[in-house]
file my_file-v6.cif (mmCIF, C-alpha atoms)
data_work
#
loop_
_atom_site.label_atom_id
_atom_site.label_comp_id
_atom_site.auth_asym_id
_atom_site.auth_seq_id
_atom_site.Cartn_x
_atom_site.Cartn_y
_atom_site.Cartn_z
CA MET A 1 -14.52 35.84 0.82
CA GLY A 2 -15.35 32.16 1.14
CA TYR A 3 -18.07 30.61 3.23
CA VAL A 4 -18.04 31.77 6.87
CA PHE A 5 -19.75 29.45 9.34
CA ASP A 6 -22.71 31.03 11.11
CA PHE A 7 -24.05 30.33 14.61
CA ASN A 8 -26.09 27.28 13.57
CA ASP A 9 -23.15 25.83 11.64
CA ALA A 10 -20.91 26.19 14.71
CA ILE A 11 -23.42 24.41 16.96
CA TYR A 12 -23.97 21.62 14.42
CA TYR A 13 -20.23 21.13 13.91
CA GLU A 14 -19.55 20.90 17.63
CA LYS A 15 -22.34 18.34 18.07
CA TRP A 16 -20.99 16.28 15.18
CA LEU A 17 -17.50 16.21 16.68
CA ASN A 18 -18.85 15.13 20.07
CA ASP A 19 -21.10 12.40 18.68
CA PRO A 20 -19.62 8.99 19.68
CA LYS A 21 -20.52 7.64 16.22
CA ASN A 22 -18.00 10.03 14.68
CA ARG A 23 -15.22 9.51 17.21
CA PHE A 24 -13.39 6.90 15.12
CA ALA A 25 -13.24 9.17 12.07
CA VAL A 26 -12.10 12.16 14.11
CA ASP A 27 -9.37 10.18 15.87
CA LEU A 28 -8.15 8.68 12.58
CA GLU A 29 -7.86 12.10 10.97
CA LYS A 30 -6.00 13.54 13.99
CA ARG A 31 -3.57 10.60 14.02
CA LEU A 32 -2.91 11.05 10.30
CA MET A 33 -2.21 14.75 10.83
CA LEU A 34 0.27 14.14 13.66
CA ASN A 35 2.04 11.36 11.76
CA ALA A 36 2.42 13.66 8.77
CA LEU A 37 3.69 16.71 10.66
CA LYS A 38 5.73 14.95 13.36
CA PRO A 39 5.76 18.16 15.43
CA VAL A 40 8.54 18.76 17.94
CA HIS A 41 7.62 19.62 21.53
CA GLY A 42 7.92 23.35 22.22
CA GLU A 43 7.76 24.49 18.60
CA SER A 44 4.99 26.67 17.18
CA ILE A 45 2.03 26.01 14.89
CA LEU A 46 -0.69 28.06 13.24
CA ASP A 47 -4.01 26.25 12.82
CA ILE A 48 -5.71 28.05 9.93
CA GLY A 49 -9.47 27.59 10.04
CA CYS A 50 -9.24 26.28 13.59
CA GLY A 51 -13.03 26.02 13.97
CA THR A 52 -14.19 24.96 17.42
CA GLY A 53 -10.68 24.00 18.50
CA ILE A 54 -10.35 20.25 18.08
CA GLY A 55 -7.05 20.69 16.22
CA LEU A 56 -5.87 23.25 18.77
CA GLN A 57 -6.41 20.75 21.58
CA THR A 58 -4.51 18.07 19.66
CA PHE A 59 -1.51 20.36 19.22
CA LEU A 60 -1.63 21.53 22.84
CA ASP A 61 -1.54 17.91 23.96
CA LYS A 62 1.73 17.56 22.02
CA GLY A 63 3.28 20.50 23.86
CA LEU A 64 3.24 22.97 20.98
CA GLN A 65 2.87 26.75 21.12
CA VAL A 66 -0.51 27.08 19.43
CA THR A 67 -2.14 29.90 17.48
CA GLY A 68 -5.55 29.56 15.86
CA LEU A 69 -7.26 31.63 13.18
CA ASP A 70 -10.81 31.46 11.83
CA PRO A 71 -13.12 33.86 9.96
CA SER A 72 -16.18 32.87 12.03
CA PRO A 73 -16.69 34.65 15.38
CA TYR A 74 -19.10 31.87 16.37
CA MET A 75 -16.50 29.16 15.79
CA LEU A 76 -13.96 31.19 17.76
CA ASP A 77 -16.42 31.60 20.64
CA VAL A 78 -16.76 27.82 20.92
CA ALA A 79 -12.98 27.37 20.56
CA SER A 80 -12.39 29.87 23.35
CA LYS A 81 -14.76 27.96 25.65
CA ASN A 82 -13.03 24.66 24.81
CA ILE A 83 -9.44 25.88 24.95
CA GLY A 84 -9.51 28.85 27.28
CA ASN A 85 -6.40 31.02 27.16
CA ARG A 86 -4.04 28.18 26.29
CA ALA A 87 -4.00 29.18 22.62
CA ASP A 88 -3.72 32.55 20.91
CA LEU A 89 -6.90 33.03 18.85
CA HIS A 90 -7.37 35.46 15.95
CA ARG A 91 -10.20 36.27 13.59
CA GLY A 92 -9.05 36.44 9.99
CA PHE A 93 -9.03 34.85 6.55
CA ALA A 94 -6.71 32.19 5.18
CA GLU A 95 -5.90 34.26 2.10
CA ASP A 96 -4.62 37.23 4.15
CA LEU A 97 -2.88 36.02 7.31
CA PRO A 98 -2.01 38.78 9.83
CA PHE A 99 1.43 37.35 10.63
CA ASP A 100 5.00 38.01 9.52
CA ASP A 101 6.99 35.69 7.26
CA ASN A 102 8.31 32.55 8.97
CA SER A 103 6.39 33.26 12.18
CA PHE A 104 5.69 29.58 12.89
CA ASN A 105 7.42 26.23 12.55
CA TYR A 106 4.27 24.62 11.15
CA ALA A 107 0.94 25.56 9.61
CA SER A 108 -2.16 23.40 9.28
CA LEU A 109 -5.32 23.72 7.21
CA MET A 110 -7.71 21.02 8.42
CA THR A 111 -10.91 20.90 6.31
CA THR A 112 -10.37 24.59 5.62
CA LEU A 113 -9.47 24.78 1.92
CA GLU A 114 -12.95 23.49 1.06
CA PHE A 115 -14.52 26.75 2.24
CA VAL A 116 -12.06 29.47 1.22
CA GLU A 117 -12.53 31.70 -1.80
CA ASP A 118 -9.03 31.22 -3.22
CA PRO A 119 -7.40 27.89 -2.21
CA LYS A 120 -4.15 28.64 -4.02
CA LYS A 121 -3.74 31.96 -2.23
CA ALA A 122 -4.54 30.29 1.11
CA ILE A 123 -1.78 27.72 0.56
CA GLU A 124 0.63 30.45 -0.53
CA GLU A 125 -0.06 32.42 2.66
CA ALA A 126 0.39 29.32 4.83
CA CYS A 127 3.77 28.68 3.19
CA ARG A 128 4.75 32.29 3.81
CA VAL A 129 4.16 32.23 7.58
CA ALA A 130 5.49 28.69 8.20
CA LYS A 131 9.14 27.71 7.86
CA ASP A 132 9.28 23.93 8.33
CA LYS A 133 6.13 22.02 7.32
CA LEU A 134 2.60 22.52 6.08
CA PHE A 135 -0.26 20.06 6.59
CA LEU A 136 -3.34 20.01 4.35
CA GLY A 137 -6.33 17.94 5.44
CA VAL A 138 -9.11 17.92 2.84
CA LEU A 139 -12.20 16.02 1.77
CA ASN A 140 -11.49 13.77 -1.21
CA ARG A 141 -13.32 14.57 -4.44
CA TYR A 142 -13.05 10.97 -5.66
CA ALA A 143 -14.04 9.11 -2.50
CA ALA A 144 -17.40 7.34 -2.41
CA LYS A 145 -18.32 9.34 0.69
CA GLY A 146 -17.38 12.57 -1.04
CA VAL A 147 -19.65 11.78 -3.97
CA HIS A 148 -22.47 10.90 -1.53
CA ARG A 149 -22.06 14.23 0.28
CA ARG A 150 -22.25 16.20 -2.96
CA ILE A 151 -25.35 14.33 -4.14
CA LYS A 152 -27.03 14.81 -0.76
CA GLY A 153 -26.32 18.53 -1.01
CA VAL A 154 -28.44 18.71 -4.16
CA PHE A 155 -31.57 17.76 -2.21
CA THR A 156 -30.95 19.12 1.31
CA ARG A 157 -29.11 22.08 2.79
CA THR A 158 -25.82 21.08 4.40
CA ILE A 159 -22.48 22.81 4.91
CA TYR A 160 -21.20 20.69 2.01
CA ASN A 161 -23.30 22.83 -0.35
CA HIS A 162 -20.60 25.45 0.20
CA ALA A 163 -17.62 23.09 0.02
CA CYS A 164 -15.15 22.54 -2.81
CA PHE A 165 -13.73 19.01 -2.73
CA PHE A 166 -10.18 18.24 -3.89
CA SER A 167 -8.12 15.36 -5.21
CA ILE A 168 -4.53 14.45 -4.41
CA TRP A 169 -3.46 15.41 -7.94
CA GLU A 170 -5.13 18.83 -7.78
CA LEU A 171 -3.41 19.64 -4.49
CA LYS A 172 -0.02 18.55 -5.81
CA ASP A 173 -0.46 20.70 -8.92
CA ILE A 174 -1.21 23.77 -6.79
CA ILE A 175 1.78 23.15 -4.53
CA ARG A 176 4.17 22.53 -7.42
CA SER A 177 3.02 25.74 -9.12
CA LEU A 178 3.79 27.70 -5.94
CA LEU A 179 6.87 25.98 -4.54
CA GLY A 180 8.39 23.91 -7.29
CA ASP A 181 9.63 20.38 -6.66
CA VAL A 182 9.39 20.32 -2.86
CA PRO A 183 9.00 17.07 -0.84
CA ILE A 184 5.33 16.04 -0.60
CA SER A 185 3.86 13.02 1.14
CA TRP A 186 0.23 11.97 1.43
CA ARG A 187 -2.09 9.37 2.92
CA THR A 188 -5.85 8.85 2.93
CA VAL A 189 -8.12 7.41 5.59
CA LEU A 190 -11.79 6.45 5.86
CA GLN A 191 -11.66 4.07 2.93
CA PHE A 192 -15.04 2.54 3.83
CA SER A 193 -18.28 4.49 3.53
CA ALA A 194 -20.14 2.40 6.12
CA SER A 195 -19.65 2.66 9.88
CA PRO A 196 -16.43 0.85 10.80
CA GLY A 197 -16.47 -2.51 12.51
CA LEU A 198 -13.61 -4.14 14.38
CA ILE A 199 -11.96 -5.53 11.24
CA THR A 200 -12.34 -2.43 9.08
CA SER A 201 -11.08 -0.27 11.95
CA LYS A 202 -7.84 -2.25 12.01
CA ILE A 203 -7.54 -2.22 8.22
CA GLU A 204 -7.86 1.58 8.18
CA GLN A 205 -4.69 1.92 10.23
CA PHE A 206 -2.46 -0.08 7.86
CA SER A 207 0.09 2.12 6.10
CA LEU A 208 -0.39 0.28 2.79
CA ILE A 209 -4.15 0.85 2.85
CA GLN A 210 -3.61 4.54 3.53
CA LYS A 211 -1.68 4.78 0.25
CA PHE A 212 -4.90 4.16 -1.66
CA PRO A 213 -5.92 7.54 -3.17
CA PHE A 214 -9.67 7.18 -2.62
CA GLY A 215 -10.17 7.48 1.15
CA ALA A 216 -12.69 10.13 2.20
CA PHE A 217 -10.02 12.24 3.93
CA ILE A 218 -6.67 13.25 2.40
CA GLY A 219 -3.75 14.21 4.61
CA MET A 220 -0.84 15.86 2.80
CA SER A 221 2.45 17.04 4.28
CA ILE A 222 4.69 19.55 2.50
CA THR A 223 8.27 20.16 3.59
CA LEU A 224 9.03 23.83 3.06
CA VAL A 225 12.41 24.24 1.41
CA PRO A 226 13.88 27.77 1.65
CA ARG A 227 14.24 29.51 -1.70
CA PHE A 228 16.56 32.43 -2.38
CA ARG A 229 16.49 34.98 -5.14
CA THR A 230 19.89 35.65 -6.69
CA LYS A 231 21.17 38.22 -9.13
CA PRO A 232 24.45 38.30 -11.04
CA LEU A 233 27.19 40.50 -9.63
CA THR A 234 29.61 42.49 -11.76
CA VAL A 235 33.18 41.79 -10.66
CA PRO A 236 35.79 44.30 -11.88
CA TYR A 237 38.76 42.65 -13.52
CA LYS A 238 41.77 44.20 -15.21
CA THR A 239 43.46 42.28 -17.96
CA LYS A 240 47.22 42.29 -18.21
CA HIS A 241 48.69 43.46 -21.50
CA THR A 242 51.88 41.71 -22.57
CA THR A 243 54.39 43.02 -25.05
CA GLY A 244 57.14 41.43 -27.02
CA ALA A 245 57.34 38.32 -29.08
CA VAL A 246 55.56 35.22 -28.06
CA PRO A 247 58.10 32.45 -27.54
CA GLY A 248 57.81 29.65 -30.04
#

call {"tool": "encode", "arguments": {"input": "my_file-v6.cif", "output": "structure tokens"}}
result
Amino acid sequence: MGYVFDFNDAIYYEKWLNDPKNRFAVDLEKRLMLNALKPVHGESILDIGCGTGIGLQTFLDKGLQVTGLDPSPYMLDVASKNIGNRADLHRGFAEDLPFDDNSFNYASLMTTLEFVEDPKKAIEEACRVAKDKLFLGVLNRYAAKGVHRRIKGVFTRTIYNHACFFSIWELKDIIRSLLGDVPISWRTVLQFSASPGLITSKIEQFSLIQKFPFGAFIGMSITLVPRFRTKPLTVPYKTKHTTGAVPG
């Protein structure tokens, strides 16, 4: 079992999301997620590690049928207050999803892989229950902000003490090992460690800038290509025997 957010973590996380200073980062990450998934109105999505429900609300606003799952009852309590009965909420773990194969069009893990026990198994499970696309949103191991968070965790207790950061290349290796050569696309945002000004805010939204691999937040989209197991079939065939001389 990975790290499960407790009551204090849930309260802190909700306050962080609602702090106006963090609004730009939150909106940029949500926009990246929607641009990567391109969800179709009326289709279904599973938000794995849904937390307090910010992703759930984003998907509801796009007209999706939304299901959320999280291991923390405290996170789910806050999500239920924020979302009400507009989403189907479940308590569970990313490595053992309580859903049938191909139950959803999409699956999303937004800052979830960092806290699970087995990231590869979590991705495998997400691919099992989704049939169209998977979105991974993770904190970048090689971003300046990511390095700062890890150093800060050495001296003070933060939720990042429990987090495992990733790189684009690590994620791609995991996906290729599970799915083979499937279509993968990625972008990063939050290239600047300081609070954004007017100019840097505009720069962050340029597609070319988002192709730099060192932004603090990685958004990766995986198109799930159906795979079929085949086995050889034995086909009965009778040969014809000919008699007589072969004409020359």

call {"tool": "residues_around", "arguments": {"input": "my_file-v6.cif", "residues": "region 171-183 of chain A", "least_positions_apart": "6", "cutoff": "8 Å", "atoms": "all atoms listed in the file", "output": "MDAnalysis selection string"}}
result
chainID A and resid 120 123:124 222:225

call {"tool": "residues_around", "arguments": {"input": "my_file-v6.cif", "residues": "region 25-40 of chain A", "least_positions_apart": "2", "cutoff": "7 Å", "atoms": "all atoms listed in the file", "output": "list in words"}}
result
Asn22, Arg23, Gly42, Glu43, Lys133, Phe135, Leu190, Gly219 and Ser221 of chain A

call {"tool": "write_last_selection", "arguments": {"input": "my_file-v6.cif", "atoms": "C-alpha atoms", "output": "PDB file, in the frame of the given file"}}
result
ATOM      1  CA  ASN A  22     -18.000  10.030  14.680  1.00  0.00           C
ATOM      2  CA  ARG A  23     -15.220   9.510  17.210  1.00  0.00           C
ATOM      3  CA  GLY A  42       7.920  23.350  22.220  1.00  0.00           C
ATOM      4  CA  GLU A  43       7.760  24.490  18.600  1.00  0.00           C
ATOM      5  CA  LYS A 133       6.130  22.020   7.320  1.00  0.00           C
ATOM      6  CA  PHE A 135      -0.260  20.060   6.590  1.00  0.00           C
ATOM      7  CA  LEU A 190     -11.790   6.450   5.860  1.00  0.00           C
ATOM      8  CA  GLY A 219      -3.750  14.210   4.610  1.00  0.00           C
ATOM      9  CA  SER A 221       2.450  17.040   4.280  1.00  0.00           C
TER      10      SER A 221
END

call {"tool": "closest_residue", "arguments": {"input": "my_file-v6.cif", "among": "A:Arg187, A:Lys15, A:Arg91, A:Arg86", "to": "Gly215 (chain A)", "atoms": "all atoms listed in the file"}}
result
A:Arg187

call {"tool": "atom_distance", "arguments": {"input": "my_file-v6.cif", "atom1": "CA of Ser80 (chain A)", "atom2": "CA of Asn140 (chain A)"}}
result
29.4 Å

call {"tool": "atom_distance", "arguments": {"input": "my_file-v6.cif", "atom1": "CA of Ile218 (chain A)", "atom2": "CA of Pro73 (chain A)"}}
result
27.0 Å

call {"tool": "resolve_selection", "arguments": {"input": "my_file-v6.cif", "expression": "the PyMOL selection byres ((chain A and resi 116) around 8)", "output": "JSON, numbers by chain"}}
result
{"A": [1, 2, 3, 94, 95, 112, 113, 114, 115, 117, 118, 119, 122]}

call {"tool": "closest_residue", "arguments": {"input": "my_file-v6.cif", "among": "A:Leu97, A:Leu134, A:Asn102, A:Thr200", "to": "Lys121 (chain A)", "atoms": "only C-alpha atoms"}}
result
A:Leu97

call {"tool": "residues_near_point", "arguments": {"input": "my_file-v6.cif", "point": "(-14.4, 18.5, 19.6)", "cutoff": "9 Å", "atoms": "all atoms listed in the file", "output": "list in words"}}
result
Tyr13, Glu14, Lys15, Trp16, Leu17, Asn18, Val26, Thr52, Gly53, Ile54, Gly55, Gln57 and Asn82 of chain A

call {"tool": "write_last_selection", "arguments": {"input": "my_file-v6.cif", "atoms": "C-alpha atoms", "output": "PDB file, in the coordinates of the input"}}
result
ATOM      1  CA  TYR A  13     -20.230  21.130  13.910  1.00  0.00           C
ATOM      2  CA  GLU A  14     -19.550  20.900  17.630  1.00  0.00           C
ATOM      3  CA  LYS A  15     -22.340  18.340  18.070  1.00  0.00           C
ATOM      4  CA  TRP A  16     -20.990  16.280  15.180  1.00  0.00           C
ATOM      5  CA  LEU A  17     -17.500  16.210  16.680  1.00  0.00           C
ATOM      6  CA  ASN A  18     -18.850  15.130  20.070  1.00  0.00           C
ATOM      7  CA  VAL A  26     -12.100  12.160  14.110  1.00  0.00           C
ATOM      8  CA  THR A  52     -14.190  24.960  17.420  1.00  0.00           C
ATOM      9  CA  GLY A  53     -10.680  24.000  18.500  1.00  0.00           C
ATOM     10  CA  ILE A  54     -10.350  20.250  18.080  1.00  0.00           C
ATOM     11  CA  GLY A  55      -7.050  20.690  16.220  1.00  0.00           C
ATOM     12  CA  GLN A  57      -6.410  20.750  21.580  1.00  0.00           C
ATOM     13  CA  ASN A  82     -13.030  24.660  24.810  1.00  0.00           C
TER      14      ASN A  82
END

call {"tool": "closest_residue", "arguments": {"input": "my_file-v6.cif", "among": "A:Ile209, A:Val138, A:Met75, A:Ile83", "to": "Thr58 (chain A)", "atoms": "all atoms listed in the file"}}
result
A:Ile83

call {"tool": "atom_distance", "arguments": {"input": "my_file-v6.cif", "atom1": "CA of His90 (chain A)", "atom2": "CA of His162 (chain A)"}}
result
22.9 Å

call {"tool": "closest_residue", "arguments": {"input": "my_file-v6.cif", "among": "A:His41, A:Tyr74, A:Ala143, A:Asn105", "to": "Val129 (chain A)", "atoms": "only C-alpha atoms"}}
result
A:Asn105

call {"tool": "residues_around", "arguments": {"input": "my_file-v6.cif", "residues": "Leu56 (chain A)", "least_positions_apart": "3", "cutoff": "10 Å", "atoms": "all atoms listed in the file", "output": "list in words"}}
result
Ile45, Leu46, Asp47, Cys50, Gly51, Thr52, Gly53, Phe59, Leu60, Asp61, Leu64, Gln65, Val66, Thr67, Gly68, Ala79, Asn82, Ile83, Arg86, Ala87, Asp88 and Leu89 of chain A

call {"tool": "closest_residue", "arguments": {"input": "my_file-v6.cif", "among": "A:Gly49, A:Gly84, A:Pro71, A:Pro226", "to": "Ala107 (chain A)", "atoms": "only C-alpha atoms"}}
result
A:Gly49

call {"tool": "closest_residue", "arguments": {"input": "my_file-v6.cif", "among": "A:Pro20, A:Lys202, A:Ala144, A:Phe214", "to": "Trp169 (chain A)", "atoms": "all atoms listed in the file"}}
result
A:Phe214

call {"tool": "build_atoms", "arguments": {"input": "my_file-v6.cif", "residues": "region 60-94 of chain A", "atoms": "N, CA and C atoms", "output": "mmCIF file, in the coordinates of the input"}}
result
data_model
loop_
_atom_site.group_PDB
_atom_site.id
_atom_site.type_symbol
_atom_site.label_atom_id
_atom_site.label_comp_id
_atom_site.auth_asym_id
_atom_site.auth_seq_id
_atom_site.Cartn_x
_atom_site.Cartn_y
_atom_site.Cartn_z
ATOM 1 N N LEU A 60 -1.973 21.210 21.451
ATOM 2 C CA LEU A 60 -1.630 21.530 22.840
ATOM 3 C C LEU A 60 -1.204 20.272 23.588
ATOM 4 N N ASP A 61 -1.887 19.171 23.313
ATOM 5 C CA ASP A 61 -1.540 17.910 23.960
ATOM 6 C C ASP A 61 -0.131 17.449 23.595
ATOM 7 N N LYS A 62 0.378 17.914 22.452
ATOM 8 C CA LYS A 62 1.730 17.560 22.020
ATOM 9 C C LYS A 62 2.772 18.579 22.491
ATOM 10 N N GLY A 63 2.342 19.543 23.291
ATOM 11 C CA GLY A 63 3.280 20.500 23.860
ATOM 12 C C GLY A 63 3.725 21.594 22.924
ATOM 13 N N LEU A 64 2.888 21.921 21.931
ATOM 14 C CA LEU A 64 3.240 22.970 20.980
ATOM 15 C C LEU A 64 2.746 24.337 21.454
ATOM 16 N N GLN A 65 3.375 25.387 20.952
ATOM 17 C CA GLN A 65 2.870 26.750 21.120
ATOM 18 C C GLN A 65 1.844 26.974 20.003
ATOM 19 N N VAL A 66 0.597 27.185 20.385
ATOM 20 C CA VAL A 66 -0.510 27.080 19.430
ATOM 21 C C VAL A 66 -1.175 28.432 19.188
ATOM 22 N N THR A 67 -1.373 28.739 17.907
ATOM 23 C CA THR A 67 -2.140 29.900 17.480
ATOM 24 C C THR A 67 -3.232 29.425 16.530
ATOM 25 N N GLY A 68 -4.435 29.938 16.726
ATOM 26 C CA GLY A 68 -5.550 29.560 15.860
ATOM 27 C C GLY A 68 -6.149 30.762 15.177
ATOM 28 N N LEU A 69 -6.614 30.553 13.947
ATOM 29 C CA LEU A 69 -7.260 31.630 13.180
ATOM 30 C C LEU A 69 -8.491 31.082 12.492
ATOM 31 N N ASP A 70 -9.576 31.860 12.509
ATOM 32 C CA ASP A 70 -10.810 31.460 11.830
ATOM 33 C C ASP A 70 -11.602 32.713 11.468
ATOM 34 N N PRO A 71 -12.327 32.689 10.332
ATOM 35 C CA PRO A 71 -13.120 33.860 9.960
ATOM 36 C C PRO A 71 -14.446 33.975 10.715
ATOM 37 N N SER A 72 -14.863 32.894 11.374
ATOM 38 C CA SER A 72 -16.180 32.870 12.030
ATOM 39 C C SER A 72 -16.069 33.232 13.501
ATOM 40 N N PRO A 73 -16.714 34.315 13.944
ATOM 41 C CA PRO A 73 -16.690 34.650 15.380
ATOM 42 C C PRO A 73 -17.401 33.589 16.213
ATOM 43 N N TYR A 74 -18.367 32.897 15.623
ATOM 44 C CA TYR A 74 -19.100 31.870 16.370
ATOM 45 C C TYR A 74 -18.225 30.641 16.608
ATOM 46 N N MET A 75 -17.450 30.257 15.608
ATOM 47 C CA MET A 75 -16.500 29.160 15.790
ATOM 48 C C MET A 75 -15.466 29.525 16.850
ATOM 49 N N LEU A 76 -14.965 30.763 16.799
ATOM 50 C CA LEU A 76 -13.960 31.190 17.760
ATOM 51 C C LEU A 76 -14.515 31.253 19.180
ATOM 52 N N ASP A 77 -15.793 31.597 19.314
ATOM 53 C CA ASP A 77 -16.420 31.600 20.640
ATOM 54 C C ASP A 77 -16.404 30.206 21.248
ATOM 55 N N VAL A 78 -16.762 29.202 20.431
ATOM 56 C CA VAL A 78 -16.760 27.820 20.920
ATOM 57 C C VAL A 78 -15.335 27.369 21.221
ATOM 58 N N ALA A 79 -14.390 27.733 20.347
ATOM 59 C CA ALA A 79 -12.980 27.370 20.560
ATOM 60 C C ALA A 79 -12.465 27.969 21.859
ATOM 61 N N SER A 80 -12.837 29.215 22.124
ATOM 62 C CA SER A 80 -12.390 29.870 23.350
ATOM 63 C C SER A 80 -12.935 29.169 24.590
ATOM 64 N N LYS A 81 -14.179 28.703 24.524
ATOM 65 C CA LYS A 81 -14.760 27.960 25.650
ATOM 66 C C LYS A 81 -14.053 26.617 25.844
ATOM 67 N N ASN A 82 -13.682 25.985 24.733
ATOM 68 C CA ASN A 82 -13.030 24.660 24.810
ATOM 69 C C ASN A 82 -11.574 24.745 25.233
ATOM 70 N N ILE A 83 -10.885 25.792 24.777
ATOM 71 C CA ILE A 83 -9.440 25.880 24.950
ATOM 72 C C ILE A 83 -9.035 26.847 26.066
ATOM 73 N N GLY A 84 -9.878 27.835 26.309
ATOM 74 C CA GLY A 84 -9.510 28.850 27.280
ATOM 75 C C GLY A 84 -8.416 29.751 26.731
ATOM 76 N N ASN A 85 -7.492 30.131 27.587
ATOM 77 C CA ASN A 85 -6.400 31.020 27.160
ATOM 78 C C ASN A 85 -5.109 30.276 26.842
ATOM 79 N N ARG A 86 -5.235 28.974 26.581
ATOM 80 C CA ARG A 86 -4.040 28.180 26.290
ATOM 81 C C ARG A 86 -3.561 28.331 24.863
ATOM 82 N N ALA A 87 -4.393 28.922 24.011
ATOM 83 C CA ALA A 87 -4.000 29.180 22.620
ATOM 84 C C ALA A 87 -4.308 30.627 22.284
ATOM 85 N N ASP A 88 -3.544 31.175 21.367
ATOM 86 C CA ASP A 88 -3.720 32.550 20.910
ATOM 87 C C ASP A 88 -4.683 32.534 19.719
ATOM 88 N N LEU A 89 -5.869 33.112 19.883
ATOM 89 C CA LEU A 89 -6.900 33.030 18.850
ATOM 90 C C LEU A 89 -7.045 34.367 18.119
ATOM 91 N N HIS A 90 -7.215 34.277 16.797
ATOM 92 C CA HIS A 90 -7.370 35.460 15.950
ATOM 93 C C HIS A 90 -8.518 35.237 14.985
ATOM 94 N N ARG A 91 -9.225 36.324 14.674
ATOM 95 C CA ARG A 91 -10.200 36.270 13.590
ATOM 96 C C ARG A 91 -9.546 36.789 12.319
ATOM 97 N N GLY A 92 -9.662 36.023 11.239
ATOM 98 C CA GLY A 92 -9.050 36.440 9.990
ATOM 99 C C GLY A 92 -9.301 35.409 8.906
ATOM 100 N N PHE A 93 -8.784 35.684 7.718
ATOM 101 C CA PHE A 93 -9.030 34.850 6.550
ATOM 102 C C PHE A 93 -7.730 34.187 6.084
ATOM 103 N N ALA A 94 -7.874 32.982 5.577
ATOM 104 C CA ALA A 94 -6.710 32.190 5.180
ATOM 105 C C ALA A 94 -5.914 32.852 4.064
#
